[in-house]
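Below is the file coords-v2.pdb, which contains PDB, C-alpha atoms and all ligand atoms.
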ATOM      1  CA  MET A   1      46.650  76.800 -35.230  1.00  0.00           C
ATOM      2  CA  ALA A   2      46.162  79.240 -32.429  1.00  0.00           C
ATOM      3  CA  VAL A   3      49.228  80.276 -30.409  1.00  0.00           C
ATOM      4  CA  ASN A   4      47.407  81.399 -27.274  1.00  0.00           C
ATOM      5  CA  THR A   5      45.816  78.087 -26.646  1.00  0.00           C
ATOM      6  CA  ILE A   6      46.178  75.916 -23.571  1.00  0.00           C
ATOM      7  CA  VAL A   7      45.111  72.287 -23.803  1.00  0.00           C
ATOM      8  CA  ILE A   8      44.456  70.466 -20.538  1.00  0.00           C
ATOM      9  CA  ILE A   9      44.957  66.718 -20.709  1.00  0.00           C
ATOM     10  CA  GLY A  10      44.796  64.147 -17.932  1.00  0.00           C
ATOM     11  CA  PHE A  11      43.022  61.155 -16.507  1.00  0.00           C
ATOM     12  CA  MET A  12      39.259  60.921 -15.931  1.00  0.00           C
ATOM     13  CA  GLY A  13      38.087  62.643 -12.770  1.00  0.00           C
ATOM     14  CA  VAL A  14      41.191  64.795 -12.273  1.00  0.00           C
ATOM     15  CA  GLY A  15      39.174  68.009 -12.705  1.00  0.00           C
ATOM     16  CA  LYS A  16      40.190  69.156 -16.212  1.00  0.00           C
ATOM     17  CA  THR A  17      36.811  70.755 -16.894  1.00  0.00           C
ATOM     18  CA  SER A  18      36.414  72.551 -13.583  1.00  0.00           C
ATOM     19  CA  VAL A  19      40.015  73.838 -13.557  1.00  0.00           C
ATOM     20  CA  GLY A  20      39.733  74.856 -17.228  1.00  0.00           C
ATOM     21  CA  THR A  21      36.456  76.709 -16.634  1.00  0.00           C
ATOM     22  CA  PHE A  22      37.927  78.453 -13.580  1.00  0.00           C
ATOM     23  CA  LEU A  23      41.107  79.510 -15.384  1.00  0.00           C
ATOM     24  CA  ALA A  24      39.210  80.716 -18.470  1.00  0.00           C
ATOM     25  CA  LYS A  25      36.916  82.867 -16.299  1.00  0.00           C
ATOM     26  CA  LYS A  26      39.864  84.304 -14.369  1.00  0.00           C
ATOM     27  CA  THR A  27      41.886  85.091 -17.472  1.00  0.00           C
ATOM     28  CA  LYS A  28      38.838  86.104 -19.530  1.00  0.00           C
ATOM     29  CA  VAL A  29      39.514  83.799 -22.450  1.00  0.00           C
ATOM     30  CA  ALA A  30      37.243  81.407 -24.333  1.00  0.00           C
ATOM     31  CA  PHE A  31      36.788  77.914 -22.943  1.00  0.00           C
ATOM     32  CA  CYS A  32      35.754  74.700 -24.624  1.00  0.00           C
ATOM     33  CA  ASP A  33      35.475  71.114 -23.527  1.00  0.00           C
ATOM     34  CA  THR A  34      35.847  68.377 -26.143  1.00  0.00           C
ATOM     35  CA  ASP A  35      33.294  66.099 -24.414  1.00  0.00           C
ATOM     36  CA  LYS A  36      30.700  68.897 -24.451  1.00  0.00           C
ATOM     37  CA  MET A  37      31.480  69.654 -28.111  1.00  0.00           C
ATOM     38  CA  ILE A  38      30.928  65.970 -28.883  1.00  0.00           C
ATOM     39  CA  VAL A  39      27.557  66.011 -27.115  1.00  0.00           C
ATOM     40  CA  LYS A  40      26.587  69.078 -29.158  1.00  0.00           C
ATOM     41  CA  SER A  41      27.678  67.641 -32.487  1.00  0.00           C
ATOM     42  CA  GLN A  42      26.279  64.128 -31.967  1.00  0.00           C
ATOM     43  CA  GLY A  43      23.259  64.862 -29.784  1.00  0.00           C
ATOM     44  CA  ALA A  44      24.436  62.077 -27.465  1.00  0.00           C
ATOM     45  CA  THR A  45      26.704  61.734 -24.431  1.00  0.00           C
ATOM     46  CA  PRO A  46      30.044  59.876 -24.658  1.00  0.00           C
ATOM     47  CA  GLN A  47      28.422  57.018 -22.766  1.00  0.00           C
ATOM     48  CA  GLU A  48      25.561  56.786 -25.284  1.00  0.00           C
ATOM     49  CA  ILE A  49      27.960  56.960 -28.231  1.00  0.00           C
ATOM     50  CA  PHE A  50      30.130  54.182 -26.720  1.00  0.00           C
ATOM     51  CA  GLN A  51      27.041  52.028 -26.233  1.00  0.00           C
ATOM     52  CA  GLN A  52      25.380  52.680 -29.574  1.00  0.00           C
ATOM     53  CA  LYS A  53      28.303  53.110 -31.973  1.00  0.00           C
ATOM     54  CA  GLY A  54      31.347  51.834 -30.128  1.00  0.00           C
ATOM     55  CA  GLU A  55      34.636  53.312 -28.959  1.00  0.00           C
ATOM     56  CA  VAL A  56      36.255  53.446 -32.419  1.00  0.00           C
ATOM     57  CA  PHE A  57      33.494  55.752 -33.675  1.00  0.00           C
ATOM     58  CA  PHE A  58      33.716  57.870 -30.519  1.00  0.00           C
ATOM     59  CA  ARG A  59      37.486  58.294 -30.986  1.00  0.00           C
ATOM     60  CA  GLN A  60      37.023  59.397 -34.620  1.00  0.00           C
ATOM     61  CA  VAL A  61      34.505  62.049 -33.605  1.00  0.00           C
ATOM     62  CA  GLU A  62      36.714  63.112 -30.700  1.00  0.00           C
ATOM     63  CA  SER A  63      39.668  63.538 -33.049  1.00  0.00           C
ATOM     64  CA  LYS A  64      37.726  65.814 -35.442  1.00  0.00           C
ATOM     65  CA  ILE A  65      36.476  67.833 -32.490  1.00  0.00           C
ATOM     66  CA  LEU A  66      40.034  68.221 -31.160  1.00  0.00           C
ATOM     67  CA  GLU A  67      41.155  69.566 -34.530  1.00  0.00           C
ATOM     68  CA  GLN A  68      38.323  72.124 -34.523  1.00  0.00           C
ATOM     69  CA  ALA A  69      39.023  73.128 -30.926  1.00  0.00           C
ATOM     70  CA  LEU A  70      42.741  73.639 -31.617  1.00  0.00           C
ATOM     71  CA  ALA A  71      41.933  76.194 -34.314  1.00  0.00           C
ATOM     72  CA  GLN A  72      40.624  78.660 -31.707  1.00  0.00           C
ATOM     73  CA  PRO A  73      42.563  80.561 -29.044  1.00  0.00           C
ATOM     74  CA  GLY A  74      41.527  79.846 -25.464  1.00  0.00           C
ATOM     75  CA  ILE A  75      41.501  76.979 -23.014  1.00  0.00           C
ATOM     76  CA  ILE A  76      40.534  73.490 -24.129  1.00  0.00           C
ATOM     77  CA  SER A  77      39.764  70.726 -21.710  1.00  0.00           C
ATOM     78  CA  THR A  78      39.877  67.254 -23.218  1.00  0.00           C
ATOM     79  CA  GLY A  79      38.470  63.809 -22.507  1.00  0.00           C
ATOM     80  CA  GLY A  80      40.865  61.495 -20.673  1.00  0.00           C
ATOM     81  CA  GLY A  81      41.196  59.251 -23.723  1.00  0.00           C
ATOM     82  CA  ILE A  82      42.348  61.999 -26.089  1.00  0.00           C
ATOM     83  CA  VAL A  83      45.803  60.388 -26.067  1.00  0.00           C
ATOM     84  CA  GLU A  84      44.463  57.042 -27.328  1.00  0.00           C
ATOM     85  CA  LEU A  85      44.821  57.928 -31.029  1.00  0.00           C
ATOM     86  CA  SER A  86      48.272  58.613 -32.421  1.00  0.00           C
ATOM     87  CA  ARG A  87      46.629  61.129 -34.784  1.00  0.00           C
ATOM     88  CA  ASN A  88      45.616  63.183 -31.736  1.00  0.00           C
ATOM     89  CA  LEU A  89      49.150  63.060 -30.345  1.00  0.00           C
ATOM     90  CA  GLU A  90      50.361  64.389 -33.710  1.00  0.00           C
ATOM     91  CA  LEU A  91      47.705  67.145 -33.659  1.00  0.00           C
ATOM     92  CA  LEU A  92      48.761  68.158 -30.163  1.00  0.00           C
ATOM     93  CA  ARG A  93      52.486  68.079 -30.963  1.00  0.00           C
ATOM     94  CA  GLN A  94      52.080  70.063 -34.166  1.00  0.00           C
ATOM     95  CA  SER A  95      49.839  72.686 -32.603  1.00  0.00           C
ATOM     96  CA  LYS A  96      51.323  75.833 -31.109  1.00  0.00           C
ATOM     97  CA  ALA A  97      49.162  75.302 -28.050  1.00  0.00           C
ATOM     98  CA  THR A  98      50.739  74.703 -24.662  1.00  0.00           C
ATOM     99  CA  ILE A  99      49.840  71.207 -23.510  1.00  0.00           C
ATOM    100  CA  VAL A 100      49.309  70.947 -19.763  1.00  0.00           C
ATOM    101  CA  TYR A 101      49.101  67.533 -18.130  1.00  0.00           C
ATOM    102  CA  LEU A 102      46.936  67.849 -15.049  1.00  0.00           C
ATOM    103  CA  TYR A 103      48.341  65.036 -12.969  1.00  0.00           C
ATOM    104  CA  GLY A 104      46.319  63.276 -10.301  1.00  0.00           C
ATOM    105  CA  GLU A 105      47.484  60.320  -8.224  1.00  0.00           C
ATOM    106  CA  LEU A 106      45.415  57.244  -8.876  1.00  0.00           C
ATOM    107  CA  ALA A 107      44.656  56.833  -5.161  1.00  0.00           C
ATOM    108  CA  GLN A 108      43.131  60.311  -5.172  1.00  0.00           C
ATOM    109  CA  LEU A 109      41.075  59.632  -8.316  1.00  0.00           C
ATOM    110  CA  MET A 110      39.933  56.106  -7.502  1.00  0.00           C
ATOM    111  CA  PRO A 111      37.121  56.982  -5.056  1.00  0.00           C
ATOM    112  CA  ARG A 112      35.749  59.488  -7.579  1.00  0.00           C
ATOM    113  CA  LEU A 113      35.832  56.944 -10.383  1.00  0.00           C
ATOM    114  CA  LEU A 114      34.558  53.670  -8.949  1.00  0.00           C
ATOM    115  CA  PRO A 115      31.722  52.830  -9.314  1.00  0.00           C
ATOM    116  CA  ASN A 116      30.844  55.131 -12.183  1.00  0.00           C
ATOM    117  CA  GLN A 117      27.819  54.870 -14.419  1.00  0.00           C
ATOM    118  CA  LYS A 118      28.570  57.972 -16.451  1.00  0.00           C
ATOM    119  CA  ARG A 119      31.982  56.974 -17.740  1.00  0.00           C
ATOM    120  CA  PRO A 120      31.719  54.133 -20.246  1.00  0.00           C
ATOM    121  CA  LEU A 121      35.286  52.898 -19.773  1.00  0.00           C
ATOM    122  CA  LEU A 122      34.662  52.421 -16.075  1.00  0.00           C
ATOM    123  CA  GLU A 123      31.358  50.604 -16.269  1.00  0.00           C
ATOM    124  CA  HIS A 124      32.955  47.178 -16.425  1.00  0.00           C
ATOM    125  CA  SER A 125      36.474  47.936 -15.185  1.00  0.00           C
ATOM    126  CA  THR A 126      38.001  46.397 -12.110  1.00  0.00           C
ATOM    127  CA  SER A 127      40.289  48.575 -10.003  1.00  0.00           C
ATOM    128  CA  ARG A 128      43.235  46.553 -11.340  1.00  0.00           C
ATOM    129  CA  GLU A 129      42.301  47.367 -14.958  1.00  0.00           C
ATOM    130  CA  LEU A 130      41.801  50.983 -14.033  1.00  0.00           C
ATOM    131  CA  ALA A 131      45.276  51.082 -12.468  1.00  0.00           C
ATOM    132  CA  GLN A 132      46.789  49.617 -15.649  1.00  0.00           C
ATOM    133  CA  LEU A 133      44.992  52.171 -17.811  1.00  0.00           C
ATOM    134  CA  TRP A 134      46.161  55.002 -15.532  1.00  0.00           C
ATOM    135  CA  GLN A 135      49.761  53.812 -15.680  1.00  0.00           C
ATOM    136  CA  ARG A 136      49.800  53.477 -19.458  1.00  0.00           C
ATOM    137  CA  ARG A 137      48.161  56.853 -19.995  1.00  0.00           C
ATOM    138  CA  ASP A 138      50.302  58.629 -17.396  1.00  0.00           C
ATOM    139  CA  GLN A 139      53.316  57.866 -19.560  1.00  0.00           C
ATOM    140  CA  THR A 140      51.623  59.098 -22.750  1.00  0.00           C
ATOM    141  CA  TYR A 141      50.333  62.287 -21.098  1.00  0.00           C
ATOM    142  CA  ARG A 142      53.885  63.033 -19.911  1.00  0.00           C
ATOM    143  CA  ASN A 143      55.348  62.376 -23.350  1.00  0.00           C
ATOM    144  CA  VAL A 144      53.052  64.792 -25.111  1.00  0.00           C
ATOM    145  CA  ALA A 145      52.798  67.500 -22.415  1.00  0.00           C
ATOM    146  CA  ASP A 146      54.856  70.689 -22.290  1.00  0.00           C
ATOM    147  CA  LEU A 147      54.310  70.922 -18.564  1.00  0.00           C
ATOM    148  CA  VAL A 148      52.942  68.806 -15.763  1.00  0.00           C
ATOM    149  CA  ILE A 149      50.852  70.312 -12.974  1.00  0.00           C
ATOM    150  CA  ASP A 150      50.221  68.178  -9.908  1.00  0.00           C
ATOM    151  CA  SER A 151      46.617  68.571  -8.744  1.00  0.00           C
ATOM    152  CA  THR A 152      47.035  66.496  -5.576  1.00  0.00           C
ATOM    153  CA  ALA A 153      45.253  68.069  -2.598  1.00  0.00           C
ATOM    154  CA  LYS A 154      44.949  71.452  -4.284  1.00  0.00           C
ATOM    155  CA  ARG A 155      41.969  73.693  -4.868  1.00  0.00           C
ATOM    156  CA  ASN A 156      41.073  75.033  -8.306  1.00  0.00           C
ATOM    157  CA  ASN A 157      42.463  78.512  -7.585  1.00  0.00           C
ATOM    158  CA  MET A 158      45.882  77.073  -6.683  1.00  0.00           C
ATOM    159  CA  ILE A 159      45.950  74.775  -9.712  1.00  0.00           C
ATOM    160  CA  ALA A 160      44.907  77.664 -11.978  1.00  0.00           C
ATOM    161  CA  ALA A 161      47.684  79.871 -10.535  1.00  0.00           C
ATOM    162  CA  GLU A 162      50.232  77.103 -11.150  1.00  0.00           C
ATOM    163  CA  ILE A 163      49.039  76.626 -14.727  1.00  0.00           C
ATOM    164  CA  LYS A 164      49.266  80.378 -15.377  1.00  0.00           C
ATOM    165  CA  LEU A 165      52.795  80.533 -13.983  1.00  0.00           C
ATOM    166  CA  GLY A 166      53.832  77.347 -15.777  1.00  0.00           C
ATOM    167  CA  VAL A 167      52.507  78.470 -19.152  1.00  0.00           C
ATOM    168  CA  ALA A 168      54.247  81.853 -18.826  1.00  0.00           C
ATOM    169  CA  LEU A 169      57.552  80.199 -17.891  1.00  0.00           C
ATOM    170  CA  TRP A 170      57.226  77.768 -20.762  1.00  0.00           C
ATOM    171  CA  GLN A 171      56.135  80.268 -23.427  1.00  0.00           C
ATOM    172  CA  GLN A 172      58.304  83.226 -22.487  1.00  0.00           C
ATOM    173  CA  HIS A 173      61.387  81.678 -20.935  1.00  0.00           C
ATOM    174  CA  LYS A 174      61.398  78.179 -22.381  1.00  0.00           C
ATOM    175  CA  LEU A 175      62.023  76.587 -19.009  1.00  0.00           C
ATOM    176  CA  THR A 176      62.063  72.802 -19.008  1.00  0.00           C
ATOM    177  CA  ALA A 177      59.182  70.726 -17.616  1.00  0.00           C
ATOM    178  CA  ARG A 178      61.384  69.892 -14.593  1.00  0.00           C
ATOM    179  CA  GLU A 179      62.173  73.564 -13.885  1.00  0.00           C
ATOM    180  CA  ILE A 180      58.500  74.457 -14.250  1.00  0.00           C
ATOM    181  CA  ALA A 181      57.488  71.651 -11.886  1.00  0.00           C
ATOM    182  CA  ASP A 182      59.965  73.013  -9.304  1.00  0.00           C
ATOM    183  CA  SER A 183      58.653  76.586  -9.713  1.00  0.00           C
ATOM    184  CA  SER A 184      55.136  75.328  -9.356  1.00  0.00           C
ATOM    185  CA  HIS A 185      56.081  73.419  -6.193  1.00  0.00           C
ATOM    186  CA  LEU A 186      57.699  76.591  -4.876  1.00  0.00           C
ATOM    187  CA  LEU A 187      54.530  78.556  -5.589  1.00  0.00           C
ATOM    188  CA  SER A 188      52.380  76.071  -3.720  1.00  0.00           C
ATOM    189  CA  LEU A 189      54.824  76.095  -0.750  1.00  0.00           C
ATOM    190  CA  GLU A 190      54.732  79.909  -0.693  1.00  0.00           C
ATOM    191  CA  ARG A 191      50.920  79.776  -0.705  1.00  0.00           C
ATOM    192  CA  GLU A 192      50.988  77.250   2.155  1.00  0.00           C
ATOM    193  CA  ILE A 193      53.423  79.397   4.144  1.00  0.00           C
ATOM    194  CA  SER A 194      51.248  82.472   3.750  1.00  0.00           C
ATOM    195  CA  ASN A 195      48.129  80.481   4.779  1.00  0.00           C
ATOM    196  CA  LEU A 196      49.933  79.122   7.846  1.00  0.00           C
ATOM    197  CA  THR A 197      51.215  82.608   8.729  1.00  0.00           C
ATOM    198  CA  ARG A 198      47.644  83.939   8.547  1.00  0.00           C
ATOM    199  CA  GLN A 199      46.392  81.063  10.737  1.00  0.00           C
ATOM    200  CA  LYS A 200      49.199  81.708  13.232  1.00  0.00           C
ATOM    201  CA  ARG A 201      48.332  85.413  13.425  1.00  0.00           C
ATOM    202  CA  ASN A 202      44.633  84.620  14.003  1.00  0.00           C
ATOM    203  CA  LEU A 203      45.497  82.123  16.701  1.00  0.00           C
ATOM    204  CA  GLU A 204      47.835  84.574  18.439  1.00  0.00           C
ATOM    205  CA  GLN A 205      45.071  87.177  18.348  1.00  0.00           C
ATOM    206  CA  GLN A 206      42.609  84.662  19.880  1.00  0.00           C
ATOM    207  CA  VAL A 207      45.103  83.822  22.638  1.00  0.00           C
ATOM    208  CA  ARG A 208      45.640  87.527  23.330  1.00  0.00           C
ATOM    209  CA  ASN A 209      41.866  88.136  23.396  1.00  0.00           C
ATOM    210  CA  ARG A 210      41.350  85.197  25.762  1.00  0.00           C
ATOM    211  CA  ARG A 211      44.089  86.461  28.031  1.00  0.00           C
ATOM    212  CA  MET A 212      42.469  89.899  28.093  1.00  0.00           C
ATOM    213  CA  VAL A 213      39.126  88.317  28.984  1.00  0.00           C
ATOM    214  CA  ASN A 214      40.806  86.416  31.844  1.00  0.00           C
ATOM    215  CA  VAL A 215      42.482  89.563  33.131  1.00  0.00           C
ATOM    216  CA  ILE A 216      39.189  91.492  33.001  1.00  0.00           C
ATOM    217  CA  ASP A 217      37.380  88.561  34.660  1.00  0.00           C
ATOM    218  CA  ARG A 218      39.928  88.473  37.476  1.00  0.00           C
ATOM    219  CA  SER A 219      39.719  92.226  37.933  1.00  0.00           C
ATOM    220  CA  PHE A 220      35.924  92.110  38.178  1.00  0.00           C
ATOM    221  CA  LYS A 221      36.141  89.317  40.732  1.00  0.00           C
ATOM    222  CA  ALA A 222      38.637  91.313  42.749  1.00  0.00           C
ATOM    223  CA  LEU A 223      36.267  94.303  42.779  1.00  0.00           C
ATOM    224  CA  LYS A 224      33.341  92.252  44.114  1.00  0.00           C
ATOM    225  CA  PRO A 225      32.617  92.955  47.778  1.00  0.00           C
TER     226      PRO A 225
HETATM  227  C1  LIG B   1      37.164  58.944 -21.557  1.00  0.00           C
HETATM  228  C2  LIG B   1      37.024  60.029 -20.732  1.00  0.00           C
HETATM  229  C3  LIG B   1      35.803  60.854 -20.675  1.00  0.00           C
HETATM  230  C4  LIG B   1      35.044  60.780 -21.997  1.00  0.00           C
HETATM  231  C5  LIG B   1      34.816  59.364 -22.399  1.00  0.00           C
HETATM  232  C6  LIG B   1      36.114  58.559 -22.539  1.00  0.00           C
HETATM  233  C7  LIG B   1      38.421  58.166 -21.485  1.00  0.00           C
HETATM  234  O1  LIG B   1      36.133  62.209 -20.371  1.00  0.00           O
HETATM  235  O2  LIG B   1      35.720  61.447 -23.017  1.00  0.00           O
HETATM  236  O3  LIG B   1      33.992  58.789 -21.433  1.00  0.00           O
HETATM  237  O4  LIG B   1      38.663  57.335 -22.378  1.00  0.00           O
HETATM  238  O5  LIG B   1      39.201  58.377 -20.536  1.00  0.00           O
HETATM  239  P1  LIG B   1      36.641  62.691 -18.893  1.00  0.00           P
HETATM  240  O6  LIG B   1      38.117  62.523 -18.836  1.00  0.00           O
HETATM  241  O7  LIG B   1      36.239  64.132 -18.844  1.00  0.00           O
HETATM  242  O8  LIG B   1      35.919  61.865 -17.904  1.00  0.00           O
END
Reformat the file's structure so that it appears as structure tokens.
Ligand code: S3P
Amino acid sequence: MAVNTIVIIGFMGVGKTSVGTFLAKKTKVAFCDTDKMIVKSQGATPQEIFQQKGEVFFRQVESKILEQALAQPGIISTGGGIVELSRNLELLRQSKATIVYLYGELAQLMPRLLPNQKRPLLEHSTSRELAQLWQRRDQTYRNVADLVIDSTAKRNNMIAAEIKLGVALWQQHKLTAREIADSSHLLSLEREISNLTRQKRNLEQQVRNRRMVNVIDRSFKALKP
């Protein structure tokens, strides 16, 4: 099992693949996505596999793919249902990889998920069923994760920075998930403060420029015969 591996878990639509791709590019490490590996190995999308061979078959394939992915160093993004099999939870727990739960509030995910033709589990789900699934999985993601990163209202670069910080704090200093969550919150507040400071400076400059224009305007008017 590879030590320098980060596994991103989390609910459908939270952005595991795009954050994982971004972070892998930034840190120049290999990236893989279990859904894409499944498509490659089966020649069919998760939706097609669900339809043609059923969820049980899909989960078996997914589990083998997870095992293969965990053998390589790099960043692995997983399908939202990776926590459905207890074998996968064992694989994740036994691996030396750092497991990152990319958390997204259901209210934030809902518009992205319903209606959804590409995701088999959502095809026939009501929003109530989706909420129940989210709640059940949220608990399992938390149980298996080493750290939780809140994706709410954040861009990929911010989430990637929080994952990098979180993984370093976890691997090198063995901080608890709670301490890491606080550090990550602090980082996002610092980023917000520096953005607001920049905005404030720009605004002040605009006000100064406008004032100058007014002064010049008045002076010109005063010079007119
Ligand atoms: C699933 C999530 C999907 C895909 C499959 C099943 C799930 O991946 O693996 O449709 O059970 O939550 P994403 O989380 O990338 O959508």
To one decimal place, how far is CA of Pro73 (chain A) from CA of Lys96 (chain A) in Å?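 Distance reported for this atom pair: 10.2 Å.
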Would you translate the PyMOL selection byres (((chain A and resi 33) around 6) and not hetatm) into the concrete set of residues it matches in this file, as a VMD selection string? chain A and resid 32 34 to 36 76 to 78
Could you produce a table of the residues of chain A lying within 10 Å of ligand LIG 1 (chain B), with the nearest pair of atoms per residue and their separation in Å rounded to one decimal, using all atoms listed in the file, ordered by chain and increasing residue number, as CSV?
residue,atom,partner,partner_atom,distance
A:Ile9,CA,B:LIG1,O6,8.2
A:Gly10,CA,B:LIG1,O6,6.9
A:Phe11,CA,B:LIG1,O6,5.6
A:Met12,CA,B:LIG1,O6,3.5
A:Gly13,CA,B:LIG1,O8,5.6
A:Val14,CA,B:LIG1,O6,7.6
A:Gly15,CA,B:LIG1,O7,7.8
A:Lys16,CA,B:LIG1,O7,6.9
A:Thr17,CA,B:LIG1,O7,6.9
A:Ser18,CA,B:LIG1,O7,9.9
A:Asp33,CA,B:LIG1,O7,8.4
A:Thr34,CA,B:LIG1,O2,7.6
A:Asp35,CA,B:LIG1,O2,5.4
A:Lys36,CA,B:LIG1,O2,9.1
A:Ile38,CA,B:LIG1,O2,8.8
A:Thr45,CA,B:LIG1,O3,8.4
A:Pro46,CA,B:LIG1,O3,5.2
A:Gln47,CA,B:LIG1,O3,6.0
A:Glu48,CA,B:LIG1,O3,9.5
A:Ile49,CA,B:LIG1,O3,9.3
A:Phe50,CA,B:LIG1,O3,8.0
A:Glu55,CA,B:LIG1,C6,8.4
A:Phe58,CA,B:LIG1,C5,8.3
A:Arg59,CA,B:LIG1,C6,8.6
A:Glu62,CA,B:LIG1,O2,7.9
A:Ser77,CA,B:LIG1,O7,8.0
A:Thr78,CA,B:LIG1,O7,6.5
A:Gly79,CA,B:LIG1,O1,3.5
A:Gly80,CA,B:LIG1,O6,3.5
A:Gly81,CA,B:LIG1,O4,3.4
A:Ile82,CA,B:LIG1,O4,7.0
A:Val83,CA,B:LIG1,O4,8.6
A:Glu84,CA,B:LIG1,O4,7.6
A:Leu113,CA,B:LIG1,O8,9.0
A:Lys118,CA,B:LIG1,O3,7.4
A:Arg119,CA,B:LIG1,O3,4.6
A:Pro120,CA,B:LIG1,O3,5.3
A:Leu121,CA,B:LIG1,O4,6.2
A:Leu122,CA,B:LIG1,O3,8.3
A:Leu133,CA,B:LIG1,O5,8.9
A:Trp134,CA,B:LIG1,O5,9.2
A:Arg137,CA,B:LIG1,O5,9.1
Any chance you could resolve the PyMOL selection byres (((chain A and resi 63) around 8) and not hetatm) against this file and give the residues as a PyMOL selection string? chain A and resi 59-62+64-67+82+85+87-88
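Take the candidates A:Ala161, A:Leu175, A:Val148, A:Ala44 and check each one against Ser188 (chain A) using all atoms listed in the file; the shortest distance goes to A:Ala161.
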Interatomic distance between CA of Ala145 (chain A) and CA of Thr27 (chain A)?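 We find that CA of Ala145 (chain A) and CA of Thr27 (chain A) lie 21.3 Å from each other.
In this model, the gap between CA of Ala153 (chain A) and CA of Thr126 (chain A) comes to 24.8 Å.
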Please supply region 203-218 of chain A, rebuilt with N, CA and C atoms, as a CSV table (one decimal), in the frame of the given file.
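Dumped to selection.csv:
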chain,number,residue,atom,x,y,z
A,203,LEU,N,45.4,82.9,15.5
A,203,LEU,CA,45.5,82.1,16.7
A,203,LEU,C,46.1,83.0,17.8
A,204,GLU,N,47.2,83.7,17.5
A,204,GLU,CA,47.8,84.6,18.4
A,204,GLU,C,46.8,85.6,18.9
A,205,GLN,N,46.1,86.2,18.0
A,205,GLN,CA,45.1,87.2,18.3
A,205,GLN,C,44.0,86.6,19.3
A,206,GLN,N,43.6,85.3,19.0
A,206,GLN,CA,42.6,84.7,19.9
A,206,GLN,C,43.2,84.5,21.3
A,207,VAL,N,44.5,84.0,21.3
A,207,VAL,CA,45.1,83.8,22.6
A,207,VAL,C,45.2,85.1,23.4
A,208,ARG,N,45.6,86.2,22.7
A,208,ARG,CA,45.6,87.5,23.3
A,208,ARG,C,44.3,87.9,23.8
A,209,ASN,N,43.2,87.8,23.0
A,209,ASN,CA,41.9,88.1,23.4
A,209,ASN,C,41.4,87.4,24.6
A,210,ARG,N,41.7,86.0,24.6
A,210,ARG,CA,41.4,85.2,25.8
A,210,ARG,C,42.0,85.7,27.0
A,211,ARG,N,43.3,86.0,26.9
A,211,ARG,CA,44.1,86.5,28.0
A,211,ARG,C,43.5,87.7,28.6
A,212,MET,N,43.1,88.6,27.7
A,212,MET,CA,42.5,89.9,28.1
A,212,MET,C,41.2,89.6,28.9
A,213,VAL,N,40.4,88.7,28.3
A,213,VAL,CA,39.1,88.3,29.0
A,213,VAL,C,39.4,87.8,30.4
A,214,ASN,N,40.4,87.0,30.5
A,214,ASN,CA,40.8,86.4,31.8
A,214,ASN,C,41.2,87.5,32.8
A,215,VAL,N,42.0,88.5,32.3
A,215,VAL,CA,42.5,89.6,33.1
A,215,VAL,C,41.3,90.4,33.6
A,216,ILE,N,40.4,90.7,32.7
A,216,ILE,CA,39.2,91.5,33.0
A,216,ILE,C,38.3,90.7,34.0
A,217,ASP,N,38.2,89.4,33.7
A,217,ASP,CA,37.4,88.6,34.7
A,217,ASP,C,37.9,88.6,36.1
A,218,ARG,N,39.3,88.5,36.2
A,218,ARG,CA,39.9,88.5,37.5
A,218,ARG,C,39.7,89.8,38.2
